[in-house]
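Asks: data.pdb is reproduced below (PDB, C-alpha atoms, pLDDT in the B column).
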ATOM      1  CA  MET L  29      22.876  -6.513 -23.386  1.00 36.00           C
ATOM      2  CA  ILE L  30      24.187  -4.550 -20.406  1.00 41.00           C
ATOM      3  CA  PRO L  31      25.601  -1.115 -21.252  1.00 44.00           C
ATOM      4  CA  ARG L  32      29.246  -0.639 -20.336  1.00 47.00           C
ATOM      5  CA  LEU L  33      31.028   2.494 -19.239  1.00 52.00           C
ATOM      6  CA  ASP L  34      34.701   1.879 -19.792  1.00 55.00           C
ATOM      7  CA  VAL L  35      36.940   0.180 -22.326  1.00 53.00           C
ATOM      8  CA  ASP L  36      37.447  -2.804 -20.028  1.00 65.00           C
ATOM      9  CA  GLY L  37      33.719  -3.539 -20.022  1.00 70.00           C
ATOM     10  CA  ARG L  38      33.271  -2.786 -16.323  1.00 77.00           C
ATOM     11  CA  LEU L  39      30.445  -0.942 -14.643  1.00 84.00           C
ATOM     12  CA  PRO L  40      31.386   1.683 -12.043  1.00 82.00           C
ATOM     13  CA  CYS L  41      30.262  -0.444  -9.084  1.00 87.00           C
ATOM     14  CA  GLN L  42      32.619  -3.236 -10.074  1.00 86.00           C
ATOM     15  CA  ASP L  43      35.602  -1.080  -9.147  1.00 85.00           C
ATOM     16  CA  SER L  44      34.362  -0.549  -5.565  1.00 87.00           C
ATOM     17  CA  PRO L  45      32.222  -3.541  -4.564  1.00 87.00           C
ATOM     18  CA  ASP L  46      32.901  -2.957  -0.864  1.00 88.00           C
ATOM     19  CA  LEU L  47      30.758   0.190  -1.013  1.00 90.00           C
ATOM     20  CA  PHE L  48      27.669  -1.706  -2.114  1.00 88.00           C
ATOM     21  CA  GLY L  49      27.379  -4.369   0.568  1.00 82.00           C
ATOM     22  CA  GLY L  50      27.110  -4.111   4.316  1.00 74.00           C
ATOM     23  CA  ARG L  51      30.210  -4.585   6.372  1.00 77.00           C
ATOM     24  CA  GLU L  52      30.450  -6.930   9.314  1.00 79.00           C
ATOM     25  CA  GLY L  53      29.366  -5.096  12.440  1.00 82.00           C
ATOM     26  CA  GLU L  54      28.268  -1.976  10.556  1.00 84.00           C
ATOM     27  CA  ARG L  55      25.103  -0.474  11.969  1.00 85.00           C
ATOM     28  CA  PRO L  56      22.559   1.229   9.703  1.00 82.00           C
ATOM     29  CA  GLY L  57      22.425   4.877  10.628  1.00 85.00           C
ATOM     30  CA  SER L  58      26.020   5.033  11.871  1.00 90.00           C
ATOM     31  CA  ASP L  59      28.348   7.635  10.381  1.00 93.00           C
ATOM     32  CA  ALA L  60      30.371   4.900   8.628  1.00 90.00           C
ATOM     33  CA  TYR L  61      27.193   3.447   7.105  1.00 90.00           C
ATOM     34  CA  LYS L  62      26.019   6.854   5.908  1.00 92.00           C
ATOM     35  CA  ARG L  63      29.407   7.633   4.313  1.00 93.00           C
ATOM     36  CA  ARG L  64      29.534   4.256   2.559  1.00 93.00           C
ATOM     37  CA  VAL L  65      25.980   4.529   1.235  1.00 93.00           C
ATOM     38  CA  ARG L  66      26.514   8.101   0.036  1.00 94.00           C
ATOM     39  CA  ALA L  67      29.720   7.112  -1.809  1.00 94.00           C
ATOM     40  CA  ALA L  68      27.872   4.201  -3.464  1.00 94.00           C
ATOM     41  CA  GLN L  69      24.984   6.472  -4.451  1.00 94.00           C
ATOM     42  CA  LEU L  70      27.385   8.918  -6.093  1.00 94.00           C
ATOM     43  CA  ILE L  71      28.773   6.085  -8.213  1.00 93.00           C
ATOM     44  CA  CYS L  72      25.264   4.905  -9.115  1.00 93.00           C
ATOM     45  CA  GLY L  73      24.365   8.395 -10.242  1.00 91.00           C
ATOM     46  CA  HIS L  74      26.624   8.008 -13.290  1.00 84.00           C
ATOM     47  CA  CYS L  75      25.666   4.452 -14.208  1.00 88.00           C
ATOM     48  CA  PRO L  76      23.736   3.705 -17.415  1.00 86.00           C
ATOM     49  CA  ILE L  77      21.871   0.783 -15.822  1.00 89.00           C
ATOM     50  CA  ARG L  78      20.981   2.496 -12.547  1.00 92.00           C
ATOM     51  CA  LEU L  79      17.216   2.112 -12.969  1.00 94.00           C
ATOM     52  CA  ALA L  80      17.448  -1.531 -14.041  1.00 93.00           C
ATOM     53  CA  CYS L  81      19.711  -2.238 -11.070  1.00 92.00           C
ATOM     54  CA  ARG L  82      17.321  -0.429  -8.715  1.00 94.00           C
ATOM     55  CA  ASP L  83      14.384  -2.430 -10.070  1.00 93.00           C
ATOM     56  CA  LEU L  84      16.308  -5.688  -9.646  1.00 92.00           C
ATOM     57  CA  GLY L  85      17.139  -4.798  -6.044  1.00 91.00           C
ATOM     58  CA  ARG L  86      13.466  -4.080  -5.408  1.00 92.00           C
ATOM     59  CA  GLY L  87      12.270  -7.220  -7.150  1.00 91.00           C
ATOM     60  CA  LEU L  88      14.644  -9.471  -5.227  1.00 90.00           C
ATOM     61  CA  GLN L  89      14.119  -7.527  -1.991  1.00 90.00           C
ATOM     62  CA  GLU L  90      17.867  -7.136  -1.673  1.00 89.00           C
ATOM     63  CA  ARG L  91      19.684  -5.278   1.074  1.00 88.00           C
ATOM     64  CA  ASP L  92      22.249  -2.493   0.832  1.00 90.00           C
ATOM     65  CA  VAL L  93      22.701  -0.242  -2.218  1.00 93.00           C
ATOM     66  CA  TRP L  94      21.115  -1.184  -5.553  1.00 93.00           C
ATOM     67  CA  GLY L  95      20.787   1.412  -8.284  1.00 94.00           C
ATOM     68  CA  GLY L  96      21.424   4.209  -5.814  1.00 94.00           C
ATOM     69  CA  GLU L  97      18.708   3.053  -3.431  1.00 94.00           C
ATOM     70  CA  ASP L  98      19.470   1.980   0.116  1.00 92.00           C
ATOM     71  CA  ASP L  99      17.261  -0.131   2.381  1.00 90.00           C
ATOM     72  CA  LYS L 100      15.370   2.893   3.695  1.00 90.00           C
ATOM     73  CA  ARG L 101      14.533   4.266   0.250  1.00 92.00           C
ATOM     74  CA  ARG L 102      13.584   0.810  -1.015  1.00 92.00           C
ATOM     75  CA  ALA L 103      11.211   0.350   1.926  1.00 92.00           C
ATOM     76  CA  ALA L 104       9.694   3.801   1.291  1.00 93.00           C
ATOM     77  CA  ALA L 105       9.042   2.692  -2.301  1.00 92.00           C
ATOM     78  CA  GLY L 106       7.036  -0.259  -0.951  1.00 92.00           C
ATOM     79  CA  THR L 107       9.630  -3.007  -1.311  1.00 89.00           C
ATOM     80  CA  PRO L 108      11.416  -3.450   2.005  1.00 88.00           C
ATOM     81  CA  PRO L 109      14.469  -5.708   1.929  1.00 86.00           C
ATOM     82  CA  ARG L 110      14.294  -9.256   3.191  1.00 84.00           C
ATOM     83  CA  ARG L 111      15.457  -9.828   6.701  1.00 73.00           C
ATOM     84  CA  ARG L 112      19.012 -11.083   6.890  1.00 61.00           C
ATOM     85  CA  SER L 113      19.590 -14.450   8.400  1.00 51.00           C
ATOM     86  CA  PRO L 114      21.788 -14.160  11.466  1.00 47.00           C
ATOM     87  CA  SER L 115      25.352 -15.356  11.055  1.00 47.00           C
ATOM     88  CA  ASN L 116      26.691 -18.309  13.028  1.00 43.00           C
ATOM     89  CA  ALA L 117      28.618 -15.879  15.231  1.00 44.00           C
ATOM     90  CA  GLN L 118      25.410 -13.995  16.043  1.00 44.00           C
ATOM     91  CA  LEU L 119      23.551 -17.223  16.767  1.00 40.00           C
ATOM     92  CA  ARG L 120      26.249 -18.509  19.117  1.00 42.00           C
ATOM     93  CA  GLY L 121      25.426 -15.779  21.605  1.00 44.00           C
ATOM     94  CA  ARG L 122      21.695 -16.592  21.480  1.00 46.00           C
ATOM     95  CA  ARG L 123      21.826 -20.360  21.835  1.00 37.00           C
ATOM     96  CA  PRO L 124      21.172 -21.803  25.264  1.00 41.00           C
ATOM     97  CA  ALA L 125      24.169 -23.297  27.015  1.00 41.00           C
ATOM     98  CA  ALA L 126      24.379 -27.071  26.860  1.00 41.00           C
TER
END
Once you've parsed the file, please lay out its structure as structure tokens.

Replies:
Amino acid sequence: MIPRLDVDGRLPCQDSPDLFGGREGERPGSDAYKRRVRAAQLICGHCPIRLACRDLGRGLQERDVWGGEDDKRRAAAGTPPRRRSPSNAQLRGRRPAA
């Protein structure tokens, strides 16, 4: 059973899912990235399943914020995230012209 925090049965991250996943065009290390990650980490700090979520993110080699851990912290713990597959838009610029 997953512990719940509020009467609606929602975990804190469910109210702000946009903080926990990378945004299109966002660069790691940018000010926007740092603000987003810090806001997500503050939410994780009050979550009853933070450690389980962190461990899941490590086990699945996920990207972005899981249990308060970002990609850099996860890599420092010995479980770097998987490489993202490039999007179709990114590939279009790399394909040779026909």

Asks: Give the answer as one residue: which of L:Pro108, L:Gly50, L:Ser44, L:Cys72 has the shortest atom-to-atom distance to Trp94 of chain L, using only C-alpha atoms?

Replies: L:Cys72

Asks: Just the residues within 7 Å of Asp92 of chain L, please, counting all atoms listed in the file, with nothing from its chain fewer than 3 positions along; format it as a ChimeraX atom specification.

Replies: /L:48-50,98-99

Asks: For Arg101 of chain L, which of L:Leu47, L:Ile71, L:Ala60, L:Val65 is the closest residue, counting only C-alpha atoms?

Replies: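 Looking at the shortest contact to Arg101 of chain L, the residue is L:Val65.
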
Asks: L:Arg111, L:Arg86, L:Arg64, L:Arg102: which is nearest Arg51 of chain L, counting all atoms listed in the file?

Replies: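 Counting all atoms listed in the file, the residue closest to Arg51 of chain L is L:Arg64.
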
Asks: At a cut-off of 6 Å, using all atoms listed in the file, what residues contact Glu90 of chain L? Leave out same-chain residues fewer than 2 positions from it and give the result as an MDAnalysis selection string.

Replies: chainID L and resid 85 88 109

Asks: Calculate how many Å separate atom CA of Cys75 of chain L from atom CA of Gly53 of chain L, rounding to one decimal.

Replies: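 Those two atoms sit 28.5 Å apart.
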
Asks: State, in Å with one decimal place, the distance from atom CA of Asp43 of chain L to atom CA of Leu84 of chain L.

Replies: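 Separation of atom CA of Asp43 of chain L and atom CA of Leu84 of chain L: 19.8 Å.
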
Asks: To test the calculation: enclose all listed atoms of segment 59-71 of chain L in a box whose edges run along x, y and z, add 8 Å on each side, then state centre and edge lengths in Å to one decimal, as lines of an AutoDock Vina configuration file.

Replies:
center_x = 27.7
center_y = 6.2
center_z = 1.1
size_x = 21.4
size_y = 21.5
size_z = 34.6

Asks: Give me, please, the distance in Å between atom CA of Glu97 of chain L and atom CA of Pro40 of chain L, quoted to one decimal.

Replies: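 Straight-line distance from atom CA of Glu97 of chain L to atom CA of Pro40 of chain L works out to 15.4 Å.
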
Asks: L:Gly37, L:Gly95, L:Gly106, L:Pro56: which is nearest Gly73 of chain L, counting only C-alpha atoms?

Replies: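 Of L:Gly37, L:Gly95, L:Gly106, L:Pro56, the one nearest Gly73 of chain L, counting only C-alpha atoms, is L:Gly95.
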